[in-house]
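Chemist: Here you go, one structure.
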Amino acid sequence: MINFRLLLGSAFVGLLMSVQTSVAQEPSHFFMDGNKLYELCKEDHPVCIGYLMGLSDLQAVLQRDGHLPKWACTPDNLVTPQLRDIAVKHLETYPNLRHYAAPIIMLSVLRETFPCE
C-alpha cells in the first residue's frame with residue numbers, strides 16, 4: 001500500500017525545491033495561479049480562505065512530521081482574515097508575479113512573513 005503522507009510530502013518538497021528556480025521559468029499548469037487567487041481573495045471568496053488554510057496546514061503538517069525543513073513558522077493565533085490580508089497585500093505589491101502558480105507564490109510569502117527563528 002502506498003504511504004499517502006510520504007507521497008504527499010515528497011511532492012510538496014519537490015514543489016518547494018523548485019520555488020527558487022520556478023520564478024525564472026515559465027510556469028507549468030496549476031489549478032490556481034496568482035491572478036485567480038488575487039481575484040478570489042479581493043472578493044473575500046470562500047475558495048480563497050479554504051485554499052490559503054489548506055496550503056498553510058499542509059506546510060505545517062509536513063514540517064511537523066519531518067518531511068519539510070522548518071523554514072516557515074506560522075503563529076498559533078494566525079486567523080484566516082489575516083492570512084487573506086497577507087496574500088492580497090503581497091499580490092497587490094508584486095503584480096508581476098501573479099501569473100506564477102499560487103502555491104509557489106504563497107509558500108514564499110509564508111516563508112518571508114513568518115520565518116522560523
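Each chain in the C-alpha cells gets a letter, A, B and so on, in the order shown; residues start at 1 in every chain, and ligands are counted from 1 in the order they appear.
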Counting only C-alpha atoms, which residues of range 63-87 of chain A sit at most 12 Å from some atom of range 33-41 of chain A, and what is each one's closest atom pair with its distance in Å to one decimal, listed by chain and rising residue number, as CSV?

Modeler:
```
residue,atom,partner,partner_atom,distance
A:Thr80,CA,A:Cys41,CA,11.1
A:Pro81,CA,A:Cys41,CA,9.8
A:Gln82,CA,A:Cys41,CA,11.4
A:Leu83,CA,A:Cys41,CA,10.0
A:Arg84,CA,A:Cys41,CA,6.3
A:Asp85,CA,A:Cys41,CA,8.2
A:Ile86,CA,A:Cys41,CA,10.1
A:Ala87,CA,A:Tyr38,CA,7.6
```

Chemist: Can you tell me how far CA of Leu78 in chain A sits from CA of Phe31 in chain A, in Å to one decimal?

Modeler: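 If I compute the distance from CA of Leu78 in chain A to CA of Phe31 in chain A, I get 25.4 Å.
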
Chemist: Between A:Ala60, A:Leu55, A:Leu91, A:Met106, which one has atoms that come closest to Pro75 in chain A, using only C-alpha atoms?

Modeler: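 Among the listed residues, the smallest separation from Pro75 in chain A belongs to A:Ala60.
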
Chemist: Between CA of Pro115 in chain A and CA of Phe30 in chain A, what distance in Å does the model show, to one decimal?

Modeler: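 Those two atoms sit 25.6 Å apart.
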
Chemist: Excluding same-chain residues fewer than 4 positions from Cys73 in chain A, what lies within 9 Å of it counting only C-alpha atoms, as number ranges by chain?

Modeler: A: 60, 110-111, 113-117

Chemist: Those same residues - C-alpha atoms - I'd like them written as a CSV table (one decimal), in the first residue's frame.

Modeler:
```
chain,number,residue,atom,x,y,z
A,60,ALA,CA,2.7,23.0,8.9
A,110,LEU,CA,4.7,32.4,4.3
A,111,ARG,CA,8.4,32.0,4.5
A,113,THR,CA,6.3,36.7,6.6
A,114,PHE,CA,6.8,34.0,9.3
A,115,PRO,CA,10.4,32.9,9.2
A,116,CYS,CA,11.5,30.4,11.8
A,117,GLU,CA,14.0,31.8,14.3
```

Chemist: Report, in Å with one decimal, the straight-line distance from CA of Val61 in chain A to CA of Pro46 in chain A.

Modeler: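 Result for CA of Val61 in chain A versus CA of Pro46 in chain A: 22.2 Å, one decimal.
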